[in-house]
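Undergrad: File protein-v4.txt follows (compact mmCIF, C-alpha atoms):
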# COMPACT_ATOMS: atom_id res chain seq x y z
CA MET Y 151 95.56 -79.34 -72.62
CA ARG Y 152 98.45 -81.34 -71.22
CA SER Y 153 100.70 -79.47 -68.81
CA ILE Y 154 104.44 -79.34 -69.38
CA SER Y 155 106.72 -80.11 -66.46
CA CYS Y 156 109.40 -77.59 -65.47
CA TRP Y 157 112.08 -80.01 -66.64
CA SER Y 158 110.41 -80.60 -70.03
CA PHE Y 159 110.05 -76.86 -70.53
CA PHE Y 160 113.73 -76.34 -69.68
CA VAL Y 161 114.85 -78.98 -72.18
CA ALA Y 162 112.58 -77.55 -74.85
CA LEU Y 163 113.94 -74.06 -74.27
CA VAL Y 164 117.54 -75.21 -74.67
CA ALA Y 165 116.71 -77.23 -77.77
CA SER Y 166 114.86 -74.35 -79.40
CA SER Y 167 117.59 -71.80 -78.73
CA GLY Y 168 120.43 -74.10 -79.76
CA THR Y 169 122.95 -71.63 -78.33
CA ALA Y 170 121.74 -71.25 -74.78
CA PHE Y 171 124.89 -72.86 -73.42
CA ALA Y 172 127.22 -72.15 -76.30
CA GLU Y 173 130.57 -70.64 -75.43
CA SER Y 174 130.37 -66.86 -75.11
CA PRO Y 175 132.13 -64.87 -77.82
CA PHE Y 176 135.46 -63.35 -76.88
CA PRO Y 177 135.16 -59.80 -75.51
CA LYS Y 178 135.28 -56.82 -77.86
CA PHE Y 179 137.24 -53.66 -77.18
CA ALA Y 180 136.63 -50.04 -78.14
CA GLU Y 181 139.95 -48.36 -78.87
CA SER Y 182 140.80 -44.71 -78.42
CA THR Y 183 144.01 -42.74 -78.81
CA LEU Y 184 144.68 -40.77 -75.65
CA ASP Y 185 147.81 -39.15 -77.04
CA PRO Y 186 149.04 -39.42 -80.64
CA MET Y 187 152.51 -38.09 -79.77
CA ALA Y 188 153.45 -38.56 -76.12
CA GLY Y 189 157.17 -38.67 -76.89
CA ASN Y 190 159.78 -39.96 -79.26
CA VAL Y 191 159.61 -43.28 -77.41
CA CYS Y 192 156.93 -44.26 -74.90
CA TYR Y 193 159.07 -46.53 -72.78
CA ALA Y 194 156.69 -47.57 -70.00
CA VAL Y 195 153.11 -47.33 -68.79
CA SER Y 196 151.69 -47.79 -65.31
CA LEU Y 197 148.42 -47.20 -63.47
CA ALA Y 198 148.02 -45.24 -60.24
CA ASP Y 199 145.47 -43.07 -58.47
CA VAL Y 200 147.50 -39.88 -58.77
CA ASP Y 201 144.81 -37.39 -57.68
CA GLY Y 202 143.28 -39.51 -54.89
CA ASP Y 203 139.79 -39.78 -56.43
CA LYS Y 204 139.86 -43.61 -56.30
CA ARG Y 205 140.10 -43.86 -60.10
CA GLN Y 206 143.00 -45.37 -61.99
CA ASP Y 207 145.02 -42.74 -63.83
CA ILE Y 208 147.44 -43.62 -66.61
CA VAL Y 209 151.12 -42.78 -66.19
CA VAL Y 210 153.50 -42.85 -69.17
CA VAL Y 211 157.28 -42.60 -69.33
CA THR Y 212 158.98 -41.07 -72.37
CA GLU Y 213 162.61 -40.30 -73.09
CA ASN Y 214 162.52 -36.95 -71.25
CA LYS Y 215 159.12 -36.81 -69.52
CA VAL Y 216 156.80 -38.56 -67.13
CA LEU Y 217 153.17 -37.83 -67.99
CA TRP Y 218 149.86 -38.68 -66.38
CA TYR Y 219 146.44 -38.84 -67.95
CA GLN Y 220 143.69 -38.04 -65.47
CA ALA Y 221 140.61 -40.27 -65.38
CA PRO Y 222 137.91 -40.18 -66.54
CA ASP Y 223 138.50 -37.69 -69.39
CA TRP Y 224 142.26 -38.40 -69.67
CA LYS Y 225 143.48 -34.82 -69.40
CA LYS Y 226 147.27 -34.85 -69.85
CA ARG Y 227 149.54 -33.38 -67.20
CA VAL Y 228 153.32 -33.31 -66.89
CA ILE Y 229 154.94 -34.83 -63.81
CA ILE Y 230 158.54 -34.12 -64.84
CA GLU Y 231 160.16 -32.87 -68.03
CA ASP Y 232 163.90 -32.61 -68.72
CA GLN Y 233 164.62 -33.10 -65.01
CA THR Y 234 166.53 -36.39 -65.39
CA GLN Y 235 169.19 -37.73 -67.72
CA ARG Y 236 167.83 -39.14 -70.98
CA ASP Y 237 166.39 -41.67 -71.42
CA ASN Y 238 163.79 -42.36 -68.76
CA VAL Y 239 162.97 -46.06 -69.04
CA CYS Y 240 160.92 -47.41 -66.12
CA ILE Y 241 158.60 -46.34 -63.33
CA ALA Y 242 157.00 -47.77 -60.18
CA PRO Y 243 154.22 -46.17 -58.06
CA LEU Y 244 154.15 -46.17 -54.24
CA ASP Y 245 153.49 -43.79 -51.37
CA ILE Y 246 157.19 -43.42 -50.64
CA ASP Y 247 157.17 -40.67 -48.01
CA GLY Y 248 154.08 -41.90 -46.13
CA ASP Y 249 151.90 -38.85 -46.72
CA GLY Y 250 149.01 -40.90 -48.10
CA LYS Y 251 149.61 -39.82 -51.71
CA ILE Y 252 151.18 -41.70 -54.60
CA ASP Y 253 154.82 -41.01 -55.43
CA PHE Y 254 156.93 -42.61 -58.15
CA ALA Y 255 160.34 -44.19 -58.51
CA VAL Y 256 161.92 -43.63 -61.93
CA GLY Y 257 164.87 -45.13 -63.75
CA ALA Y 258 166.66 -42.73 -66.10
CA GLY Y 259 169.82 -42.26 -68.15
CA TRP Y 260 169.71 -45.95 -68.95
CA THR Y 261 171.45 -45.68 -72.34
CA LYS Y 262 174.41 -43.99 -70.64
CA ILE Y 263 174.83 -45.14 -67.06
CA GLY Y 264 171.56 -45.67 -65.16
CA THR Y 265 170.24 -43.35 -62.45
CA LEU Y 266 167.56 -44.03 -59.85
CA HIS Y 267 165.22 -41.35 -58.54
CA TRP Y 268 161.95 -40.84 -56.76
CA LEU Y 269 159.44 -38.10 -57.43
CA SER Y 270 157.43 -36.07 -54.92
CA ARG Y 271 154.46 -34.00 -56.07
CA GLY Y 272 154.12 -30.27 -56.39
CA ALA Y 273 151.66 -27.99 -54.61
CA SER Y 274 148.96 -28.51 -57.25
CA LEU Y 275 148.12 -31.14 -59.85
CA ASP Y 276 149.57 -28.92 -62.59
CA ASP Y 277 152.91 -28.22 -60.91
CA LYS Y 278 156.07 -30.11 -61.86
CA TRP Y 279 157.19 -32.72 -59.36
CA THR Y 280 160.54 -32.72 -57.54
CA VAL Y 281 163.23 -35.27 -58.43
CA HIS Y 282 165.13 -36.87 -55.54
CA ASP Y 283 168.19 -39.04 -56.20
CA ILE Y 284 168.39 -42.62 -54.95
CA GLY Y 285 171.60 -43.78 -56.59
CA VAL Y 286 173.26 -45.11 -59.71
CA GLU Y 287 172.85 -48.61 -61.13
CA VAL Y 288 174.47 -49.25 -64.49
CA SER Y 289 172.02 -50.10 -67.30
CA THR Y 290 168.92 -49.71 -65.10
CA HIS Y 291 166.02 -51.12 -67.08
CA ARG Y 292 163.08 -52.32 -64.94
CA MET Y 293 161.84 -51.57 -61.41
CA ARG Y 294 159.00 -52.67 -59.16
CA PHE Y 295 158.10 -52.26 -55.48
CA ALA Y 296 157.82 -55.47 -53.45
CA ASP Y 297 158.79 -56.72 -50.01
CA VAL Y 298 161.42 -59.25 -51.11
CA LEU Y 299 163.33 -58.87 -47.82
CA GLY Y 300 160.37 -59.80 -45.62
CA ALA Y 301 160.70 -56.49 -43.80
CA GLY Y 302 157.01 -55.66 -43.71
CA LYS Y 303 157.56 -52.74 -46.07
CA SER Y 304 158.20 -52.72 -49.82
CA GLN Y 305 161.62 -52.20 -51.33
CA LEU Y 306 162.41 -50.85 -54.80
CA VAL Y 307 163.64 -53.86 -56.78
CA VAL Y 308 165.74 -52.92 -59.82
CA SER Y 309 166.89 -55.20 -62.65
CA PRO Y 310 169.51 -53.69 -64.99
CA LEU Y 311 169.72 -54.94 -68.55
CA LEU Y 312 173.44 -55.51 -68.98
CA ALA Y 313 176.22 -56.40 -66.63
CA SER Y 314 178.85 -53.72 -66.11
CA GLU Y 315 182.56 -54.35 -66.51
CA ASN Y 316 184.14 -56.92 -64.19
CA ARG Y 317 180.77 -58.43 -63.25
CA PRO Y 318 179.44 -61.79 -64.50
CA GLY Y 319 175.86 -60.55 -64.44
CA VAL Y 320 173.53 -57.72 -63.49
CA ARG Y 321 172.96 -56.75 -59.89
CA LEU Y 322 169.33 -57.58 -59.15
CA THR Y 323 169.01 -55.21 -56.20
CA ALA Y 324 166.42 -54.25 -53.58
CA PHE Y 325 166.71 -50.68 -52.29
CA SER Y 326 165.12 -50.19 -48.85
CA ILE Y 327 163.17 -46.98 -48.28
CA PRO Y 328 164.68 -45.05 -45.33
CA GLN Y 329 162.62 -43.21 -42.72
CA LYS Y 330 163.63 -39.94 -44.34
CA PRO Y 331 163.71 -40.83 -48.05
CA LYS Y 332 164.64 -37.30 -49.18
CA THR Y 333 167.85 -37.15 -47.16
CA GLU Y 334 168.86 -40.64 -46.04
CA ARG Y 335 170.50 -43.38 -48.10
CA TRP Y 336 168.37 -46.11 -49.68
CA GLN Y 337 170.27 -49.18 -48.49
CA PRO Y 338 170.87 -51.68 -51.34
CA THR Y 339 170.66 -55.45 -50.94
CA VAL Y 340 171.90 -57.52 -53.89
CA LEU Y 341 169.58 -60.48 -54.51
CA ASP Y 342 171.66 -61.97 -57.33
CA GLY Y 343 174.59 -60.96 -59.52
CA GLU Y 344 175.11 -63.80 -61.99
CA LEU Y 345 172.44 -63.43 -64.70
CA ASN Y 346 172.92 -61.19 -67.75
CA ARG Y 347 170.66 -59.45 -70.28
CA MET Y 348 167.91 -59.44 -67.65
CA HIS Y 349 165.20 -57.75 -69.64
CA ASN Y 350 162.47 -57.95 -66.99
CA HIS Y 351 161.36 -59.38 -63.66
CA VAL Y 352 158.07 -59.92 -61.83
CA HIS Y 353 157.13 -60.51 -58.19
CA ILE Y 354 154.93 -63.16 -56.59
CA ASP Y 355 154.83 -64.97 -53.25
CA TRP Y 356 155.78 -68.19 -54.99
CA ASP Y 357 155.76 -70.53 -51.99
CA ALA Y 358 153.08 -68.73 -49.91
CA ASP Y 359 155.45 -68.06 -47.03
CA GLY Y 360 154.58 -64.37 -46.72
CA VAL Y 361 157.77 -63.16 -48.42
CA VAL Y 362 157.55 -61.92 -52.01
CA ASP Y 363 159.79 -63.76 -54.48
CA THR Y 364 161.19 -62.68 -57.86
CA LEU Y 365 160.97 -64.34 -61.26
CA THR Y 366 163.55 -63.16 -63.79
CA ALA Y 367 163.86 -63.38 -67.57
CA SER Y 368 167.42 -63.29 -68.83
CA ARG Y 369 169.61 -64.84 -71.50
CA GLU Y 370 170.05 -67.80 -69.13
CA GLY Y 371 166.31 -68.50 -69.11
CA VAL Y 372 163.69 -68.26 -66.35
CA TYR Y 373 164.84 -68.18 -62.73
CA LEU Y 374 163.15 -67.92 -59.35
CA VAL Y 375 165.03 -65.84 -56.76
CA ARG Y 376 163.98 -66.41 -53.14
CA LYS Y 377 165.04 -65.26 -49.70
CA THR Y 378 166.35 -67.96 -47.39
CA LYS Y 379 167.66 -67.89 -43.84
CA ASP Y 380 171.18 -67.71 -45.28
CA GLY Y 381 170.57 -65.04 -47.93
CA PHE Y 382 169.11 -65.54 -51.39
CA GLU Y 383 168.99 -68.54 -53.70
CA LYS Y 384 167.93 -68.89 -57.29
CA THR Y 385 166.34 -71.88 -59.01
CA LYS Y 386 166.14 -72.42 -62.75
CA LEU Y 387 162.56 -73.05 -63.88
CA GLY Y 388 162.75 -72.70 -67.65
CA ALA Y 389 165.48 -73.05 -70.25
CA GLY Y 390 164.38 -70.26 -72.57
CA LEU Y 391 165.10 -70.27 -76.28
CA ALA Y 392 168.24 -72.11 -77.35
CA GLY Y 393 169.65 -69.57 -79.80
CA ALA Y 394 172.76 -69.54 -81.96
CA ASN Y 395 174.63 -67.73 -79.19
CA MET Y 396 174.05 -66.51 -75.65
CA ASP Y 397 172.74 -63.13 -76.73
CA SER Y 398 170.03 -64.74 -78.90
CA SER Y 399 169.03 -67.21 -76.19
CA GLY Y 400 166.90 -67.21 -73.08
CA ALA Y 401 163.92 -64.98 -72.33
CA GLY Y 402 163.10 -61.29 -72.33
CA GLU Y 403 159.63 -60.64 -70.86
CA ILE Y 404 157.94 -62.59 -68.07
CA LYS Y 405 154.61 -62.75 -66.26
CA VAL Y 406 152.73 -65.32 -64.16
CA GLY Y 407 149.09 -66.36 -64.59
CA LYS Y 408 146.62 -68.86 -63.19
CA LEU Y 409 144.58 -71.47 -65.07
CA LYS Y 410 141.00 -72.48 -64.37
CA ASN Y 411 142.17 -75.59 -62.52
CA GLY Y 412 144.08 -73.42 -60.06
CA SER Y 413 147.58 -74.18 -61.29
CA ARG Y 414 149.87 -71.36 -62.33
CA PHE Y 415 151.68 -70.85 -65.60
CA ILE Y 416 154.61 -68.67 -66.62
CA VAL Y 417 154.57 -66.78 -69.91
CA THR Y 418 157.62 -65.29 -71.58
CA VAL Y 419 158.75 -63.56 -74.74
CA GLU Y 420 161.79 -65.35 -76.13
CA PRO Y 421 164.53 -64.36 -76.59
CA MET Y 422 165.00 -60.74 -75.51
CA HIS Y 423 163.15 -58.55 -78.05
CA GLY Y 424 162.09 -61.89 -79.41
CA THR Y 425 159.88 -63.69 -81.85
CA SER Y 426 158.00 -66.13 -79.62
CA VAL Y 427 155.31 -66.11 -76.96
CA VAL Y 428 156.04 -69.11 -74.74
CA VAL Y 429 154.07 -70.77 -71.94
CA TYR Y 430 155.70 -72.82 -69.18
CA LEU Y 431 153.61 -75.36 -67.25
CA PRO Y 432 154.57 -77.07 -63.97
CA PRO Y 433 156.63 -80.25 -64.22
CA LYS Y 434 155.51 -83.59 -62.83
CA LYS Y 435 158.57 -83.72 -60.57
CA ALA Y 436 159.73 -80.84 -58.42
CA ASP Y 437 163.35 -81.02 -59.58
CA GLU Y 438 162.52 -80.88 -63.31
CA LEU Y 439 162.37 -77.83 -65.53
CA TRP Y 440 158.93 -76.54 -66.40
CA GLY Y 441 157.45 -77.73 -69.70
CA ARG Y 442 157.93 -75.23 -72.53
CA THR Y 443 155.32 -74.63 -75.27
CA VAL Y 444 155.63 -72.02 -78.03
CA LEU Y 445 152.23 -70.41 -78.68
CA ASP Y 446 153.36 -68.28 -81.63
CA GLY Y 447 156.84 -67.71 -83.04
CA THR Y 448 156.11 -65.22 -85.84
CA PHE Y 449 156.61 -61.89 -84.06
CA ASN Y 450 159.35 -59.28 -84.26
CA ARG Y 451 160.57 -57.50 -81.14
CA GLY Y 452 158.03 -58.78 -78.66
CA HIS Y 453 158.21 -56.34 -75.79
CA ALA Y 454 155.19 -56.46 -73.46
CA LEU Y 455 153.16 -59.01 -71.49
CA ALA Y 456 150.31 -59.01 -69.01
CA THR Y 457 148.08 -61.72 -67.56
CA ALA Y 458 144.46 -61.18 -66.52
CA ASP Y 459 141.09 -62.95 -66.71
CA VAL Y 460 139.87 -60.90 -69.65
CA ASP Y 461 136.83 -63.02 -70.54
CA ARG Y 462 135.88 -63.89 -66.93
CA ASP Y 463 136.05 -67.64 -67.46
CA GLY Y 464 138.17 -68.30 -64.37
CA SER Y 465 141.44 -68.60 -66.32
CA ASP Y 466 143.94 -65.84 -67.03
CA GLU Y 467 144.55 -64.75 -70.60
CA ILE Y 468 147.89 -63.52 -71.97
CA VAL Y 469 147.96 -59.97 -73.30
CA PHE Y 470 150.92 -59.44 -75.63
CA GLY Y 471 152.39 -56.59 -77.64
CA PHE Y 472 155.17 -56.32 -80.21
CA SER Y 473 156.70 -53.34 -81.98
CA ASP Y 474 158.31 -54.21 -85.32
CA PRO Y 475 156.93 -55.47 -88.65
CA THR Y 476 157.63 -59.08 -89.56
CA LYS Y 477 157.78 -61.02 -92.82
CA ALA Y 478 156.74 -64.22 -91.04
CA SER Y 479 153.14 -63.14 -90.49
CA GLU Y 480 150.50 -60.81 -91.87
CA GLN Y 481 149.95 -59.50 -88.35
CA LYS Y 482 151.25 -55.97 -87.88
CA PRO Y 483 152.72 -54.52 -84.67
CA GLY Y 484 150.01 -54.23 -82.04
CA VAL Y 485 148.14 -56.04 -79.29
CA SER Y 486 146.97 -59.67 -79.15
CA ILE Y 487 145.36 -61.83 -76.49
CA PHE Y 488 145.98 -65.57 -76.08
CA ASP Y 489 143.07 -67.46 -74.51
CA ALA Y 490 143.48 -70.94 -72.97
CA GLN Y 491 141.09 -73.45 -74.51
CA ASP Y 492 141.52 -76.16 -71.88
CA ASP Y 493 141.96 -76.29 -68.12
CA ALA Y 494 145.50 -77.62 -68.46
CA GLY Y 495 146.80 -74.69 -70.52
CA THR Y 496 147.98 -76.84 -73.44
CA LYS Y 497 145.78 -75.24 -76.13
CA TRP Y 498 145.48 -71.51 -76.78
CA THR Y 499 143.66 -69.30 -79.29
CA LYS Y 500 144.96 -65.91 -80.42
CA HIS Y 501 142.67 -62.87 -80.73
CA ILE Y 502 144.10 -59.78 -82.43
CA ILE Y 503 142.98 -56.61 -80.67
CA ASP Y 504 145.00 -54.00 -82.57
CA ASN Y 505 146.63 -54.82 -85.90
CA GLY Y 506 149.10 -52.05 -86.71
CA GLY Y 507 147.85 -49.20 -84.56
CA VAL Y 508 150.60 -49.19 -81.95
CA ALA Y 509 154.22 -50.39 -82.02
CA VAL Y 510 153.99 -51.74 -78.49
CA GLU Y 511 156.81 -50.95 -76.09
CA ASP Y 512 154.79 -51.60 -72.93
CA LEU Y 513 151.22 -52.36 -71.85
CA VAL Y 514 149.03 -52.96 -68.81
CA ALA Y 515 145.80 -54.97 -68.51
CA GLU Y 516 143.54 -54.06 -65.58
CA ASP Y 517 140.06 -52.76 -64.84
CA ILE Y 518 140.72 -49.10 -65.59
CA ASN Y 519 137.23 -47.59 -65.53
CA GLY Y 520 135.85 -49.50 -62.54
CA ASP Y 521 133.20 -51.54 -64.36
CA GLY Y 522 134.68 -54.90 -63.37
CA LEU Y 523 136.01 -55.67 -66.86
CA ILE Y 524 139.65 -55.85 -67.92
CA ASP Y 525 140.84 -52.99 -70.13
CA ILE Y 526 144.22 -52.47 -71.81
CA VAL Y 527 146.57 -49.53 -72.19
CA ALA Y 528 149.43 -49.82 -74.69
CA VAL Y 529 152.17 -47.32 -75.50
CA GLY Y 530 154.19 -47.11 -78.68
CA ARG Y 531 157.79 -46.91 -79.76
CA ALA Y 532 157.81 -46.05 -83.48
CA THR Y 533 154.17 -44.91 -83.23
CA HIS Y 534 154.88 -42.63 -80.20
CA ASN Y 535 151.28 -43.00 -79.00
CA VAL Y 536 149.16 -43.92 -75.99
CA LYS Y 537 146.09 -46.07 -76.70
CA LEU Y 538 143.27 -47.27 -74.47
CA TYR Y 539 141.23 -50.39 -75.23
CA THR Y 540 138.01 -50.41 -73.19
CA GLN Y 541 136.21 -53.74 -72.92
CA GLN Y 542 132.62 -53.58 -74.05
CA LYS Y 543 129.80 -55.02 -71.94
Show me, as structure tokens, the structure contained in the file I just sent.
TA:
Amino acid sequence: MRSISCWSFFVALVASSGTAFAESPFPKFAESTLDPMAGNVCYAVSLADVDGDKRQDIVVVTENKVLWYQAPDWKKRVIIEDQTQRDNVCIAPLDIDGDGKIDFAVGAGWTKIGTLHWLSRGASLDDKWTVHDIGVEVSTHRMRFADVLGAGKSQLVVSPLLASENRPGVRLTAFSIPQKPKTERWQPTVLDGELNRMHNHVHIDWDADGVVDTLTASREGVYLVRKTKDGFEKTKLGAGLAGANMDSSGAGEIKVGKLKNGSRFIVTVEPMHGTSVVVYLPPKKADELWGRTVLDGTFNRGHALATADVDRDGSDEIVFGFSDPTKASEQKPGVSIFDAQDDAGTKWTKHIIDNGGVAVEDLVAEDINGDGLIDIVAVGRATHNVKLYTQQK
């Protein structure tokens, strides 16, 4: 009997299977409703290890409450309730007072004036937390912690939605945490004051200089705000949607991802509360605007974005959520994932994860259960719910 070489056997095995090196199917998700009625509006969702057990807990902001769902069984607890002006709208986790435990900054009263607070925990996990005032910033809408001042310690960066009277734009502001955050003033530093309808911002060390920079989405488009030796400068990267007027132009949501070839991309929802998921790719010349490609323009009130390597192919996917029904597509409000089909990020495929089960106001995409796979949490506006999508192995 003639022996078969290792190479011949390998070729035969591939030929017989036919699919040995075929592209893996896109990941599947098991969905579960953690809370069918968290609030009238679930404005924001974040992840944090609230109880210190090294598991990610889920934190949700509603109009009058901040809730947390304790991993792994997702028991619901109340952090605050009716302790701030309605409506709460945004949240950011950080150990603010340096005691080794997670605290939260919260933006509230945003439909009226805009108040900034931070929350310190009670004596037990079931006790209400204490609200400490930081200040007032008109139309407060989004907040994140990042060291945009290069101080070696994070600041609370706040982007209001609308400019107040006598101002050309919103005050994108970094509030420094004082040594005694309960009693001392959080010193504000204005990073920019010229852009309006700034629906969101995101942080990244754009030029790898050790200082965190800020990307903004506003009616003027996509801008990069960076610290310089003389203060702060902003650079326009993307034009945004050219609408019929200023208020129907620009961008509303923004995130940054990385492609398999190592280059980064920017993804936006355009315009604010918009219809289109848009990808921006780097220009050939440094002084040019980034190239703009619309992936899908059939949505209604797009309101949430995340980037993560969902399928573990070395390239980030785009996780997207929208909240309102549309006549332009059979897709109902829910969660979709856009997957790059080439290294350059010019071709994308859409996978619908939830078709009608959540009117997405906000979402996060991270490894929530510690198995190394990306999961998703989405919270609803009209649906009022909190849903978890666990990636299946």
Undergrad: Compare Y:Thr385, Y:Ser486, Y:Thr183, Y:Ser309 by their minimum atom-to-atom distance to His534 of chain Y, counting only C-alpha atoms, and give me the closest one.
TA: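 Comparing Y:Thr385, Y:Ser486, Y:Thr183, Y:Ser309 against His534 of chain Y, the winner is Y:Thr183.
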Undergrad: One number please: atom CA of Leu269 of chain Y to atom CA of Gly343 of chain Y, in Å, one decimal.
TA: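 Calculated distance between atom CA of Leu269 of chain Y and atom CA of Gly343 of chain Y is 27.5 Å.
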Undergrad: Using all atoms listed in the file, which protein or nucleic acid residues come within 12 Å of Glu480 of chain Y? Drop anything in the same chain fewer than 2 positions from it, and give the result as a list of chain:residue names.
TA: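 Counting only the stated atoms, we get Y:Thr448, Y:Phe449, Y:Asn450, Y:Pro475, Y:Thr476, Y:Lys477, Y:Ala478, Y:Lys482, Y:Pro483, Y:Gly484, Y:Ile502, Y:Asn505, Y:Gly506.
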Undergrad: Can you tell me how far atom CA of Ser289 of chain Y sits from atom CA of Arg347 of chain Y, in Å to one decimal?
TA: 9.9 Å
Undergrad: Any idea what's packed within 8 Å of segment 325-335 of chain Y, counting all atoms listed in the file, ignoring anything in its chain fewer than 6 positions away? Could you give it as a VMD selection string?
TA: chain Y and resid 246 to 247 282 284 304 to 308
Undergrad: Between Y:Asp249, Y:Asp463, Y:Asp363, Y:Asp237, which residue has the minimum interatomic distance to His291 of chain Y, considering all atoms listed in the file?
TA: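 Distance minimum relative to His291 of chain Y lands on Y:Asp237.
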Undergrad: If we count only C-alpha atoms and set the cut-off at 10 Å, which residues sit around Asp493 of chain Y, ignoring sequence neighbours fewer than 4 positions away in its own chain? Please answer as a PyMOL selection string.
TA: chain Y and resi 409-413+464-465+497
Undergrad: Which residues are near Ile208 of chain Y? Cut-off 7 Å, only C-alpha atoms, ignore same chain within fewer than 3 positions. Put them as a PDB file with C-alpha atoms, keeping the file's coordinate frame.
TA:
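Result file follows (result_32.pdb):
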ATOM      1  CA  SER Y 196     151.690 -47.790 -65.310  1.00  0.00           C
ATOM      2  CA  LEU Y 197     148.420 -47.200 -63.470  1.00  0.00           C
ATOM      3  CA  ALA Y 198     148.020 -45.240 -60.240  1.00  0.00           C
ATOM      4  CA  TRP Y 218     149.860 -38.680 -66.380  1.00  0.00           C
ATOM      5  CA  TYR Y 219     146.440 -38.840 -67.950  1.00  0.00           C
ATOM      6  CA  GLN Y 220     143.690 -38.040 -65.470  1.00  0.00           C
TER       7      GLN Y 220
END
Undergrad: Y:Trp336, Y:Tyr539, Y:Tyr430, Y:Trp268: which is nearest Arg414 of chain Y, counting all atoms listed in the file?
TA: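 Among the listed residues, the smallest separation from Arg414 of chain Y belongs to Y:Tyr430.
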Undergrad: Would you kindly return, as a PyMOL selection string, each protein, DNA or RNA residue with an atom no farther than 6 Å from any atom of segment 229-233 of chain Y, considering only C-alpha atoms and excluding same-chain residues fewer than 2 positions away?
TA: chain Y and resi 214-217+278-279
Undergrad: Provide the atom CA of Thr265 of chain Y to atom CA of Ile252 of chain Y distance in Å, to one decimal place.
TA: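 Computing it gives 20.7 Å between the two atoms.
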Undergrad: Taking into account all atoms listed in the file, which residue in the set Y:Leu445, Y:Val514, Y:Leu275, Y:Met422 is nearest to Met396 of chain Y?
TA: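 So, comparing all the options, the nearest one is Y:Met422.
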Undergrad: Closest to Lys386 of chain Y among Y:Phe415, Y:Phe488, Y:Trp224, Y:Trp440, using only C-alpha atoms?
TA: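 Of all the options, Y:Trp440 lies closest to Lys386 of chain Y.
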Undergrad: Starting from 5 Å padding per side, set up an axis-aligned box that covers all listed atoms of segment 356-366 of chain Y and hand over centre and edge lengths in Å, one decimal, as lines of an AutoDock Vina configuration file.
TA:
center_x = 158.3
center_y = -66.2
center_z = -55.3
size_x = 20.5
size_y = 18.6
size_z = 27.1
Undergrad: Measuring atom to atom with all atoms listed in the file, identify which of Y:Lys303, Y:Arg531, Y:Lys379, Y:Lys405 is nearest to Val211 of chain Y.
TA: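 Comparing Y:Lys303, Y:Arg531, Y:Lys379, Y:Lys405 against Val211 of chain Y, the winner is Y:Arg531.
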Undergrad: Just give me the residues with any atom within 10 Å of (156.5, -63.8, -55.5), file coordinates, counting all atoms listed in the file, written as a list in words.
TA: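 These residues have at least one counted atom within 10 Å: Ala296, Asp297, Val298, Val352, His353, Ile354, Asp355, Trp356, Asp357, Ala358, Asp359, Gly360, Val361, Val362, Asp363, Thr364, Leu365, Leu374, Val375, Arg376 and Val406 of chain Y.
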